[in-house]
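Q: Enclosed is the structure file target39.txt (compact mmCIF, C-alpha atoms).
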# COMPACT_ATOMS: atom_id res chain seq x y z
CA MET L 1172 123.28 134.81 280.46
CA THR L 1173 119.73 135.98 281.02
CA ALA L 1174 118.36 139.09 282.67
CA ASP L 1175 114.91 137.84 283.57
CA ASP L 1176 115.27 139.02 287.15
CA HIS L 1177 115.31 142.62 286.03
CA LEU L 1178 113.45 142.91 282.77
CA PRO L 1179 109.96 143.17 284.34
CA GLY L 1180 110.83 146.76 285.35
CA PRO L 1181 110.71 149.65 282.85
CA VAL L 1182 113.56 150.41 280.47
CA ALA L 1183 114.96 153.72 281.71
CA VAL L 1184 116.51 155.88 278.98
CA LEU L 1185 119.06 158.65 279.41
CA ALA L 1186 119.21 160.75 276.23
CA ASN L 1187 121.60 163.60 275.50
CA PRO L 1188 120.00 165.71 272.74
CA THR L 1189 123.20 167.76 272.30
CA ALA L 1190 125.44 164.71 271.77
CA GLY L 1191 127.28 164.72 268.46
CA ARG L 1192 126.32 168.39 268.08
CA GLY L 1193 122.68 167.34 267.92
CA ARG L 1194 122.90 165.44 264.64
CA HIS L 1195 120.77 162.55 265.96
CA ARG L 1196 118.25 164.69 267.84
CA ALA L 1197 115.50 164.07 265.27
CA LEU L 1198 116.02 160.31 265.63
CA LEU L 1199 115.02 160.21 269.29
CA PRO L 1200 111.32 159.32 268.74
CA ARG L 1201 112.30 156.45 266.42
CA LEU L 1202 114.90 155.21 268.90
CA LEU L 1203 112.36 155.20 271.71
CA GLU L 1204 109.85 153.39 269.48
CA GLY L 1205 112.49 150.79 268.68
CA LEU L 1206 113.09 150.18 272.37
CA ALA L 1207 109.35 149.98 273.07
CA ALA L 1208 109.08 147.24 270.44
CA ALA L 1209 110.74 144.93 272.96
CA GLY L 1210 107.44 144.90 274.86
CA ARG L 1211 108.59 146.72 277.99
CA PRO L 1212 107.57 150.18 279.25
CA VAL L 1213 110.11 152.85 278.25
CA ARG L 1214 110.73 155.81 280.53
CA LEU L 1215 112.76 158.82 279.38
CA LEU L 1216 114.75 160.24 282.30
CA PRO L 1217 114.62 164.01 282.91
CA ALA L 1218 118.06 165.62 282.93
CA SER L 1219 119.24 169.12 282.01
CA SER L 1220 122.83 168.80 283.24
CA THR L 1221 125.47 166.10 283.69
CA ALA L 1222 124.86 166.07 287.44
CA GLU L 1223 121.11 165.67 286.93
CA ALA L 1224 121.74 162.94 284.37
CA GLU L 1225 123.82 160.92 286.79
CA ALA L 1226 121.35 161.45 289.64
CA ALA L 1227 118.43 160.42 287.40
CA CYS L 1228 120.22 157.19 286.42
CA ARG L 1229 120.98 156.36 290.05
CA ALA L 1230 117.36 157.02 291.03
CA ALA L 1231 116.04 154.86 288.16
CA VAL L 1232 118.23 151.93 289.22
CA ARG L 1233 117.29 152.41 292.86
CA ASP L 1234 113.59 152.50 291.95
CA GLY L 1235 113.67 149.17 290.13
CA ALA L 1236 114.43 149.87 286.47
CA GLY L 1237 114.65 146.65 284.49
CA ALA L 1238 117.38 148.08 282.28
CA LEU L 1239 119.18 151.35 281.58
CA VAL L 1240 119.88 152.65 278.08
CA ALA L 1241 122.06 155.66 277.23
CA ILE L 1242 121.56 157.56 273.96
CA GLY L 1243 124.58 159.74 273.30
CA GLY L 1244 128.35 159.55 273.29
CA ASP L 1245 130.96 158.39 275.76
CA GLY L 1246 130.11 161.20 278.17
CA THR L 1247 126.48 160.08 278.37
CA VAL L 1248 127.56 156.46 278.79
CA HIS L 1249 129.97 157.53 281.54
CA ARG L 1250 127.14 159.10 283.57
CA ALA L 1251 124.97 156.01 283.18
CA LEU L 1252 127.79 153.66 284.19
CA GLN L 1253 128.00 155.27 287.61
CA ALA L 1254 124.50 153.90 288.29
CA VAL L 1255 124.70 150.38 286.84
CA ALA L 1256 128.33 149.40 287.53
CA GLY L 1257 128.54 146.46 289.87
CA THR L 1258 124.76 145.86 289.79
CA ASP L 1259 122.69 143.28 287.93
CA VAL L 1260 120.76 145.97 286.01
CA PRO L 1261 121.60 145.46 282.32
CA PHE L 1262 122.81 148.35 280.18
CA GLY L 1263 122.68 149.31 276.52
CA PRO L 1264 124.64 152.16 274.86
CA ILE L 1265 123.19 153.69 271.70
CA PRO L 1266 126.04 155.51 269.91
CA ALA L 1267 124.86 159.04 269.07
CA GLY L 1268 127.78 161.21 270.14
CA THR L 1269 131.00 162.65 268.79
CA GLY L 1270 132.94 159.84 270.44
CA ASN L 1271 131.27 156.45 270.81
CA ASP L 1272 134.30 154.44 271.79
CA PHE L 1273 132.81 152.30 274.54
CA ALA L 1274 129.76 151.26 272.51
CA LEU L 1275 131.83 150.35 269.45
CA ASP L 1276 134.58 148.62 271.42
CA THR L 1277 132.03 146.40 273.14
CA GLY L 1278 130.44 145.27 269.88
CA PHE L 1279 127.47 147.55 269.25
CA PRO L 1280 126.73 148.81 265.71
CA ALA L 1281 127.78 152.38 264.90
CA ASP L 1282 124.33 153.17 263.50
CA PRO L 1283 121.96 154.20 266.31
CA LEU L 1284 118.93 152.44 264.82
CA ALA L 1285 120.91 149.23 264.38
CA ALA L 1286 122.12 149.48 267.98
CA VAL L 1287 118.51 149.91 269.16
CA ALA L 1288 117.55 146.74 267.29
CA VAL L 1289 120.32 144.80 269.06
CA ILE L 1290 119.33 146.16 272.49
CA ALA L 1291 115.59 145.63 271.95
CA ASP L 1292 116.18 142.04 270.89
CA ALA L 1293 118.31 141.45 274.00
CA VAL L 1294 115.57 142.94 276.21
CA ARG L 1295 112.92 140.83 274.48
CA VAL L 1296 114.69 137.53 275.09
CA GLY L 1297 116.43 138.50 278.36
CA ARG L 1298 119.99 138.22 277.01
CA THR L 1299 123.05 139.94 278.48
CA SER L 1300 126.82 139.55 278.22
CA ALA L 1301 129.27 140.53 280.93
CA VAL L 1302 132.17 142.95 280.38
CA ASP L 1303 134.74 144.49 282.68
CA LEU L 1304 134.78 148.06 283.95
CA ALA L 1305 137.56 150.08 285.57
CA ARG L 1306 136.99 151.46 289.07
CA MET L 1307 138.94 154.54 290.14
CA THR L 1308 139.53 155.40 293.78
CA GLY L 1309 140.92 158.72 295.01
CA PRO L 1310 142.93 159.25 298.22
CA ASP L 1311 139.76 160.37 300.04
CA GLY L 1312 137.92 157.19 299.05
CA THR L 1313 135.90 158.77 296.21
CA GLU L 1314 135.01 156.14 293.60
CA ARG L 1315 134.25 156.57 289.91
CA TRP L 1316 133.78 153.99 287.19
CA TYR L 1317 134.77 154.17 283.55
CA GLY L 1318 134.35 151.94 280.54
CA ALA L 1319 136.87 153.04 277.92
CA VAL L 1320 140.11 154.87 278.77
CA LEU L 1321 141.51 157.08 281.51
CA ALA L 1322 143.79 159.88 280.24
CA ALA L 1323 146.35 161.08 282.78
CA GLY L 1324 148.88 162.96 280.64
CA PHE L 1325 149.00 165.38 277.71
CA ASP L 1326 145.42 164.66 276.57
CA ALA L 1327 144.05 165.28 280.06
CA ILE L 1328 146.03 168.52 280.31
CA VAL L 1329 144.63 169.68 276.93
CA ASN L 1330 141.07 168.88 278.05
CA GLU L 1331 141.58 170.81 281.26
CA ARG L 1332 142.93 173.81 279.30
CA ALA L 1333 140.02 173.70 276.83
CA ASN L 1334 137.47 173.56 279.65
CA ARG L 1335 138.96 176.72 281.21
CA MET L 1336 138.81 178.67 277.94
CA ARG L 1337 135.80 180.83 277.12
CA TRP L 1338 136.85 181.49 273.53
CA PRO L 1339 136.63 180.27 270.83
CA ARG L 1340 133.50 178.14 270.94
CA GLY L 1341 133.18 174.68 269.43
CA PRO L 1342 135.97 172.35 268.34
CA ARG L 1343 138.36 175.24 267.59
CA ARG L 1344 138.72 175.77 271.34
CA TYR L 1345 140.16 172.27 271.68
CA ASP L 1346 142.49 172.86 268.72
CA LEU L 1347 143.77 176.05 270.34
CA ALA L 1348 144.23 174.26 273.66
CA ILE L 1349 146.41 171.67 271.87
CA LEU L 1350 148.61 174.42 270.45
CA VAL L 1351 148.97 176.13 273.82
CA GLU L 1352 149.88 172.91 275.63
CA LEU L 1353 152.23 171.76 272.86
CA ALA L 1354 154.18 174.98 273.42
CA ARG L 1355 154.37 174.13 277.13
CA LEU L 1356 155.07 170.42 276.64
CA ARG L 1357 157.46 168.88 279.15
CA PRO L 1358 157.80 165.38 280.61
CA ARG L 1359 156.43 164.97 284.12
CA ARG L 1360 157.59 162.59 286.80
CA TYR L 1361 155.13 159.73 287.34
CA THR L 1362 155.05 156.89 289.78
CA LEU L 1363 153.13 153.89 288.45
CA ARG L 1364 152.47 151.01 290.78
CA LEU L 1365 151.38 148.00 288.73
CA ASP L 1366 150.00 145.17 290.86
CA GLY L 1367 152.17 146.58 293.64
CA VAL L 1368 155.40 146.89 291.61
CA PRO L 1369 156.61 150.55 291.43
CA HIS L 1370 157.88 152.19 288.23
CA GLU L 1371 159.35 155.70 288.34
CA LEU L 1372 159.37 157.35 284.93
CA ASP L 1373 159.22 160.64 283.05
CA ALA L 1374 156.36 160.83 280.55
CA VAL L 1375 154.19 163.19 278.53
CA LEU L 1376 151.30 160.77 278.04
CA VAL L 1377 149.79 158.10 280.29
CA ALA L 1378 146.63 156.19 279.39
CA VAL L 1379 144.95 153.36 281.29
CA GLY L 1380 142.56 151.41 279.10
CA ASN L 1381 139.77 148.97 279.79
CA CYS L 1382 138.92 149.28 276.09
CA PRO L 1383 141.28 150.14 273.19
CA THR L 1384 139.98 153.51 272.00
CA TYR L 1385 139.28 157.05 273.13
CA GLY L 1386 138.72 160.44 271.52
CA GLY L 1387 136.49 159.08 268.76
CA GLY L 1388 138.47 156.12 267.46
CA MET L 1389 142.06 156.71 268.58
CA ARG L 1390 143.46 153.27 269.46
CA ILE L 1391 145.57 154.50 272.36
CA CYS L 1392 145.59 151.09 274.13
CA PRO L 1393 145.28 148.89 271.03
CA ASP L 1394 145.50 145.54 272.82
CA ALA L 1395 143.06 146.34 275.64
CA ASP L 1396 140.26 143.79 276.00
CA PRO L 1397 137.23 144.57 278.21
CA THR L 1398 136.76 140.87 278.97
CA ASP L 1399 140.26 139.87 280.14
CA GLY L 1400 140.17 141.21 283.71
CA LEU L 1401 143.18 143.43 283.04
CA LEU L 1402 143.99 147.09 282.39
CA ASP L 1403 146.36 148.15 279.62
CA VAL L 1404 148.72 151.03 280.43
CA VAL L 1405 150.39 152.94 277.59
CA VAL L 1406 153.10 155.49 278.40
CA ALA L 1407 154.88 157.91 276.05
CA GLY L 1408 158.15 158.87 277.73
CA ARG L 1409 160.47 161.82 277.17
CA VAL L 1410 158.87 162.79 273.86
CA ASN L 1411 159.49 166.24 272.39
CA ARG L 1412 156.96 168.33 270.48
CA ARG L 1413 158.11 167.26 267.03
CA THR L 1414 157.98 163.57 267.93
CA LEU L 1415 154.57 163.86 269.59
CA ILE L 1416 153.12 165.59 266.52
CA ARG L 1417 154.61 162.90 264.29
CA VAL L 1418 153.47 159.96 266.46
CA LYS L 1419 149.97 161.24 267.31
CA PRO L 1420 148.34 160.27 263.95
CA ARG L 1421 149.60 156.70 264.41
CA ILE L 1422 147.34 156.35 267.44
CA TYR L 1423 144.33 155.91 265.12
CA GLN L 1424 145.84 152.65 263.86
CA GLY L 1425 147.38 151.73 267.21
CA THR L 1426 150.86 151.54 265.67
CA HIS L 1427 152.30 154.16 268.04
CA VAL L 1428 153.08 151.41 270.56
CA SER L 1429 156.00 150.28 268.37
CA HIS L 1430 157.79 153.63 268.85
CA PRO L 1431 160.90 153.20 271.03
CA LEU L 1432 159.75 155.90 273.48
CA VAL L 1433 156.34 154.24 274.02
CA ARG L 1434 155.98 151.50 276.64
CA SER L 1435 153.03 149.23 277.37
CA PHE L 1436 152.11 147.41 280.57
CA ARG L 1437 149.26 145.22 281.76
CA ALA L 1438 147.97 144.89 285.32
CA ARG L 1439 144.89 144.25 287.43
CA THR L 1440 145.51 147.27 289.64
CA VAL L 1441 147.24 150.48 288.56
CA GLU L 1442 148.20 153.33 290.88
CA VAL L 1443 149.11 156.59 289.11
CA THR L 1444 150.80 159.46 290.93
CA ALA L 1445 151.95 162.81 289.51
CA GLU L 1446 151.70 166.46 290.46
CA GLY L 1447 149.05 168.80 289.12
CA ILE L 1448 147.05 166.54 286.80
CA THR L 1449 143.28 166.08 286.70
CA THR L 1450 142.35 162.86 284.91
CA TYR L 1451 139.73 162.46 282.19
CA ALA L 1452 137.80 159.19 282.03
CA ASP L 1453 135.65 158.40 278.98
CA GLY L 1454 136.43 162.01 277.99
CA GLU L 1455 134.83 163.36 281.17
CA ARG L 1456 136.65 165.36 283.85
CA SER L 1457 137.30 162.97 286.70
CA LEU L 1458 139.58 162.61 289.73
CA GLY L 1459 142.87 164.37 290.32
CA LEU L 1460 146.01 162.29 290.74
CA PRO L 1461 146.91 160.21 292.64
CA VAL L 1462 144.35 157.53 291.79
CA THR L 1463 144.13 153.77 292.07
CA ILE L 1464 142.43 152.00 289.15
CA SER L 1465 141.21 148.43 289.40
CA ALA L 1466 139.88 146.16 286.68
CA VAL L 1467 136.58 144.72 287.88
CA PRO L 1468 135.73 141.60 285.86
CA GLY L 1469 132.11 141.30 284.77
CA ALA L 1470 131.11 144.57 286.45
CA LEU L 1471 128.62 145.41 283.67
CA ARG L 1472 125.90 143.39 281.96
CA LEU L 1473 125.45 144.57 278.37
CA LEU L 1474 122.21 144.13 276.43
CA ARG L 1475 123.61 142.27 273.45
Kindly present the structure from the file in structure tokens form.
A:
Amino acid sequence: MTADDHLPGPVAVLANPTAGRGRHRALLPRLLEGLAAAGRPVRLLPASSTAEAEAACRAAVRDGAGALVAIGGDGTVHRALQAVAGTDVPFGPIPAGTGNDFALDTGFPADPLAAVAVIADAVRVGRTSAVDLARMTGPDGTERWYGAVLAAGFDAIVNERANRMRWPRGPRRYDLAILVELARLRPRRYTLRLDGVPHELDAVLVAVGNCPTYGGGMRICPDADPTDGLLDVVVAGRVNRRTLIRVKPRIYQGTHVSHPLVRSFRARTVEVTAEGITTYADGERSLGLPVTISAVPGALRLLR
């Protein structure tokens, strides 16, 4: 597939200098040079907050950007996706964050400079490849897109706890949030409606994946394929603390799905209902339950 209809416009770039705790900050000039080598103007988007980042991406697409590139982790990619999803503006993720699950799961190199080379070559020759995205819809009609995984159980609850905490700073806050929520762990009643078929179940973890991984390489939905037009749903049922602690490391290999209390489903449309849970998509705080998630085939054109 070619992207000639859009490449005459500038390549808009969203960069998050704090991604990955800033370890790639010094690389930014080289990354921008690598993109400029494709022979198109490169425009760095101004953004000092997540809201500004998303607004800047939407404005760039609206104003005729030929392509959009995100330099950062899954959170940066998530903001950019809101602007390019469902459009014919091609997109390139440059993995420079703590978690780069979407970029890696869709075939980009882990090294930022290598990823730039892939994207610049695609821009130069006008090459794109289509992948699916997941579209979430809340009861009030609010829509959000995500590329990797939606967490709607224990992991979402931990994220919500960590975001409310003011101490400690850094990754230790997340570790403490895990301990607090493990102590409070209890199965919740969920209603899943998969392509219209209802399933009532008690669970501690529910994940809906367009891609296999989240959280920096945890293969929570190991069989998810972002080109099959389907969503993978993984549910851990009435799991106690000891079992969850024992099973959790297996998620990195994706072998947790063989545990007898873990169930997997596949559907084009997934409705998730439960009380008191705010979902996290691509690691970013998203919509509260209930939500309806739809696989949208070919919703994104990747520069590779």
Q: Using all atoms listed in the file, pick whichever of L:Phe1436, L:Ile1265, L:Gly1205, L:Ala1224 has the shortest atom-to-atom distance to Arg1364 (chain L).
A: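 Nearest to Arg1364 (chain L): L:Phe1436.
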Q: Do you have the CA of Thr1444 (chain L)-CA of Leu1376 (chain L) distance handy?
A: 13.0 Å
Q: Enter the distance from CA of Val1410 (chain L) to CA of His1430 (chain L), in Å, rounded to one decimal.
A: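 Here the two named atoms are 10.5 Å from each other.
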Q: Within 10 Å of (115.2, 152.7, 268.7), in the coordinates the file gives, what residues turn up when you count only C-alpha atoms, written out as a list in words?
A: Leu1198, Leu1199, Pro1200, Arg1201, Leu1202, Leu1203, Glu1204, Gly1205, Leu1206, Ala1207, Ala1208, Ala1209, Ile1242, Ile1265, Pro1283, Leu1284, Ala1285, Ala1286, Val1287, Ala1288, Val1289, Ile1290 and Ala1291 of chain L
Q: Record the distance separating CA of Gly1408 (chain L) and CA of Val1433 (chain L), expressed in Å with one decimal.
A: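 So the two atoms, CA of Gly1408 (chain L) and CA of Val1433 (chain L), lie 6.2 Å apart.
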Q: For each of L:Leu1458, L:Ala1470, L:Ile1349, L:Leu1402, take the minimum atom-to-atom distance to Lys1419 (chain L), counting only C-alpha atoms, then give the residue where this is smallest.
A: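 Checking each candidate against Lys1419 (chain L), we get L:Ile1349 as the closest.
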Q: May I ask which of the residues L:Ala1354, L:Leu1321, L:Leu1432, L:Ala1452 is the closest one to Gly1246 (chain L), counting all atoms listed in the file?
A: L:Ala1452
Q: Do you know which residues are at most 9 Å from Gly1235 (chain L) counting all atoms listed in the file, after dropping those on the same chain fewer than 4 positions away, and could you put them as a PyMOL selection string?
A: chain L and resi 1177+1180-1181+1230-1231+1260
Q: Convert the current residue selection to file output with C-alpha atoms, as a compact mmCIF listing (two decimals), in the coordinates of the input.
A:
# COMPACT_ATOMS: atom_id res chain seq x y z
CA HIS L 1177 115.31 142.62 286.03
CA GLY L 1180 110.83 146.76 285.35
CA PRO L 1181 110.71 149.65 282.85
CA ALA L 1230 117.36 157.02 291.03
CA ALA L 1231 116.04 154.86 288.16
CA VAL L 1260 120.76 145.97 286.01
Q: Which is closest to Ser1435 (chain L) among L:Val1404, L:Leu1363, L:Ala1186, L:Ile1391, if we use all atoms listed in the file?
A: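 When distances to Ser1435 (chain L) are compared using all atoms listed in the file, the smallest one comes from L:Val1404.
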Q: Would you list the contacts of Pro1468 (chain L) as a list of chain:residue names, taking every protein, DNA or RNA residue within 12 Å and counting all atoms listed in the file, but skipping same-chain residues closer than 5 positions in sequence?
A: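 Neighbouring residues, sequence-local ones excluded: L:Ala1256, L:Gly1257, L:Ser1300, L:Ala1301, L:Val1302, L:Asp1303, L:Leu1304, L:Ala1305, L:Arg1306, L:Gly1318, L:Asn1381, L:Asp1396, L:Pro1397, L:Thr1398, L:Asp1399, L:Gly1400, L:Leu1401, L:Leu1402, L:Arg1439, L:Thr1440.
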Q: Could you write region 1264-1275 of chain L as a PDB file, keeping the file's coordinate frame, with all heavy atoms rebuilt where they are missing?
A:
ATOM      1  N   PRO L1264     124.242 150.862 275.411  1.00  0.00           N
ATOM      2  CA  PRO L1264     124.640 152.160 274.860  1.00  0.00           C
ATOM      3  C   PRO L1264     124.214 152.299 273.398  1.00  0.00           C
ATOM      4  O   PRO L1264     124.467 151.404 272.584  1.00  0.00           O
ATOM      5  CB  PRO L1264     126.169 152.120 274.976  1.00  0.00           C
ATOM      6  CG  PRO L1264     126.520 150.672 274.813  1.00  0.00           C
ATOM      7  CD  PRO L1264     125.334 149.867 275.307  1.00  0.00           C
ATOM      8  N   ILE L1265     123.554 153.398 273.090  1.00  0.00           N
ATOM      9  CA  ILE L1265     123.190 153.690 271.700  1.00  0.00           C
ATOM     10  C   ILE L1265     124.098 154.815 271.216  1.00  0.00           C
ATOM     11  O   ILE L1265     123.989 155.956 271.680  1.00  0.00           O
ATOM     12  CB  ILE L1265     121.708 154.103 271.586  1.00  0.00           C
ATOM     13  CG1 ILE L1265     120.805 152.942 272.034  1.00  0.00           C
ATOM     14  CG2 ILE L1265     121.368 154.530 270.165  1.00  0.00           C
ATOM     15  CD1 ILE L1265     119.336 153.291 272.090  1.00  0.00           C
ATOM     16  N   PRO L1266     125.034 154.523 270.301  1.00  0.00           N
ATOM     17  CA  PRO L1266     126.040 155.510 269.910  1.00  0.00           C
ATOM     18  C   PRO L1266     125.441 156.668 269.120  1.00  0.00           C
ATOM     19  O   PRO L1266     124.987 156.495 268.001  1.00  0.00           O
ATOM     20  CB  PRO L1266     127.044 154.709 269.071  1.00  0.00           C
ATOM     21  CG  PRO L1266     126.282 153.521 268.593  1.00  0.00           C
ATOM     22  CD  PRO L1266     125.248 153.225 269.632  1.00  0.00           C
ATOM     23  N   ALA L1267     125.430 157.858 269.729  1.00  0.00           N
ATOM     24  CA  ALA L1267     124.860 159.040 269.070  1.00  0.00           C
ATOM     25  C   ALA L1267     125.676 160.274 269.415  1.00  0.00           C
ATOM     26  O   ALA L1267     125.151 161.385 269.383  1.00  0.00           O
ATOM     27  CB  ALA L1267     123.400 159.219 269.502  1.00  0.00           C
ATOM     28  N   GLY L1268     126.947 160.086 269.736  1.00  0.00           N
ATOM     29  CA  GLY L1268     127.780 161.210 270.140  1.00  0.00           C
ATOM     30  C   GLY L1268     128.927 161.454 269.187  1.00  0.00           C
ATOM     31  O   GLY L1268     129.044 160.816 268.131  1.00  0.00           O
ATOM     32  N   THR L1269     129.795 162.388 269.567  1.00  0.00           N
ATOM     33  CA  THR L1269     131.000 162.650 268.790  1.00  0.00           C
ATOM     34  C   THR L1269     131.982 161.500 268.935  1.00  0.00           C
ATOM     35  O   THR L1269     132.598 161.046 267.973  1.00  0.00           O
ATOM     36  CB  THR L1269     131.659 163.965 269.248  1.00  0.00           C
ATOM     37  OG1 THR L1269     130.683 165.006 269.196  1.00  0.00           O
ATOM     38  CG2 THR L1269     132.839 164.329 268.362  1.00  0.00           C
ATOM     39  N   GLY L1270     132.120 161.018 270.173  1.00  0.00           N
ATOM     40  CA  GLY L1270     132.940 159.840 270.440  1.00  0.00           C
ATOM     41  C   GLY L1270     132.073 158.744 271.024  1.00  0.00           C
ATOM     42  O   GLY L1270     131.358 158.957 272.005  1.00  0.00           O
ATOM     43  N   ASN L1271     132.094 157.577 270.374  1.00  0.00           N
ATOM     44  CA  ASN L1271     131.270 156.450 270.810  1.00  0.00           C
ATOM     45  C   ASN L1271     132.148 155.229 271.065  1.00  0.00           C
ATOM     46  O   ASN L1271     131.814 154.105 270.707  1.00  0.00           O
ATOM     47  CB  ASN L1271     130.220 156.129 269.732  1.00  0.00           C
ATOM     48  CG  ASN L1271     129.355 157.332 269.398  1.00  0.00           C
ATOM     49  OD1 ASN L1271     128.660 157.874 270.245  1.00  0.00           O
ATOM     50  ND2 ASN L1271     129.409 157.773 268.148  1.00  0.00           N
ATOM     51  N   ASP L1272     133.277 155.477 271.695  1.00  0.00           N
ATOM     52  CA  ASP L1272     134.300 154.440 271.790  1.00  0.00           C
ATOM     53  C   ASP L1272     133.833 153.227 272.584  1.00  0.00           C
ATOM     54  O   ASP L1272     134.060 152.086 272.164  1.00  0.00           O
ATOM     55  CB  ASP L1272     135.572 155.032 272.410  1.00  0.00           C
ATOM     56  CG  ASP L1272     136.184 156.087 271.511  1.00  0.00           C
ATOM     57  OD1 ASP L1272     136.581 155.744 270.387  1.00  0.00           O
ATOM     58  OD2 ASP L1272     136.255 157.259 271.913  1.00  0.00           O
ATOM     59  N   PHE L1273     133.198 153.441 273.729  1.00  0.00           N
ATOM     60  CA  PHE L1273     132.810 152.300 274.540  1.00  0.00           C
ATOM     61  C   PHE L1273     131.794 151.421 273.811  1.00  0.00           C
ATOM     62  O   PHE L1273     131.921 150.193 273.782  1.00  0.00           O
ATOM     63  CB  PHE L1273     132.243 152.753 275.892  1.00  0.00           C
ATOM     64  CG  PHE L1273     131.830 151.607 276.767  1.00  0.00           C
ATOM     65  CD1 PHE L1273     132.780 150.838 277.421  1.00  0.00           C
ATOM     66  CD2 PHE L1273     130.491 151.282 276.930  1.00  0.00           C
ATOM     67  CE1 PHE L1273     132.410 149.762 278.222  1.00  0.00           C
ATOM     68  CE2 PHE L1273     130.105 150.215 277.730  1.00  0.00           C
ATOM     69  CZ  PHE L1273     131.068 149.447 278.373  1.00  0.00           C
ATOM     70  N   ALA L1274     130.788 152.041 273.208  1.00  0.00           N
ATOM     71  CA  ALA L1274     129.760 151.260 272.510  1.00  0.00           C
ATOM     72  C   ALA L1274     130.370 150.436 271.377  1.00  0.00           C
ATOM     73  O   ALA L1274     130.072 149.247 271.223  1.00  0.00           O
ATOM     74  CB  ALA L1274     128.676 152.190 271.956  1.00  0.00           C
ATOM     75  N   LEU L1275     131.246 151.055 270.589  1.00  0.00           N
ATOM     76  CA  LEU L1275     131.830 150.350 269.450  1.00  0.00           C
ATOM     77  C   LEU L1275     132.815 149.283 269.901  1.00  0.00           C
ATOM     78  O   LEU L1275     132.869 148.184 269.333  1.00  0.00           O
ATOM     79  CB  LEU L1275     132.503 151.340 268.496  1.00  0.00           C
ATOM     80  CG  LEU L1275     131.593 152.444 267.929  1.00  0.00           C
ATOM     81  CD1 LEU L1275     132.333 153.273 266.883  1.00  0.00           C
ATOM     82  CD2 LEU L1275     130.320 151.857 267.336  1.00  0.00           C
TER      83      LEU L1275
END
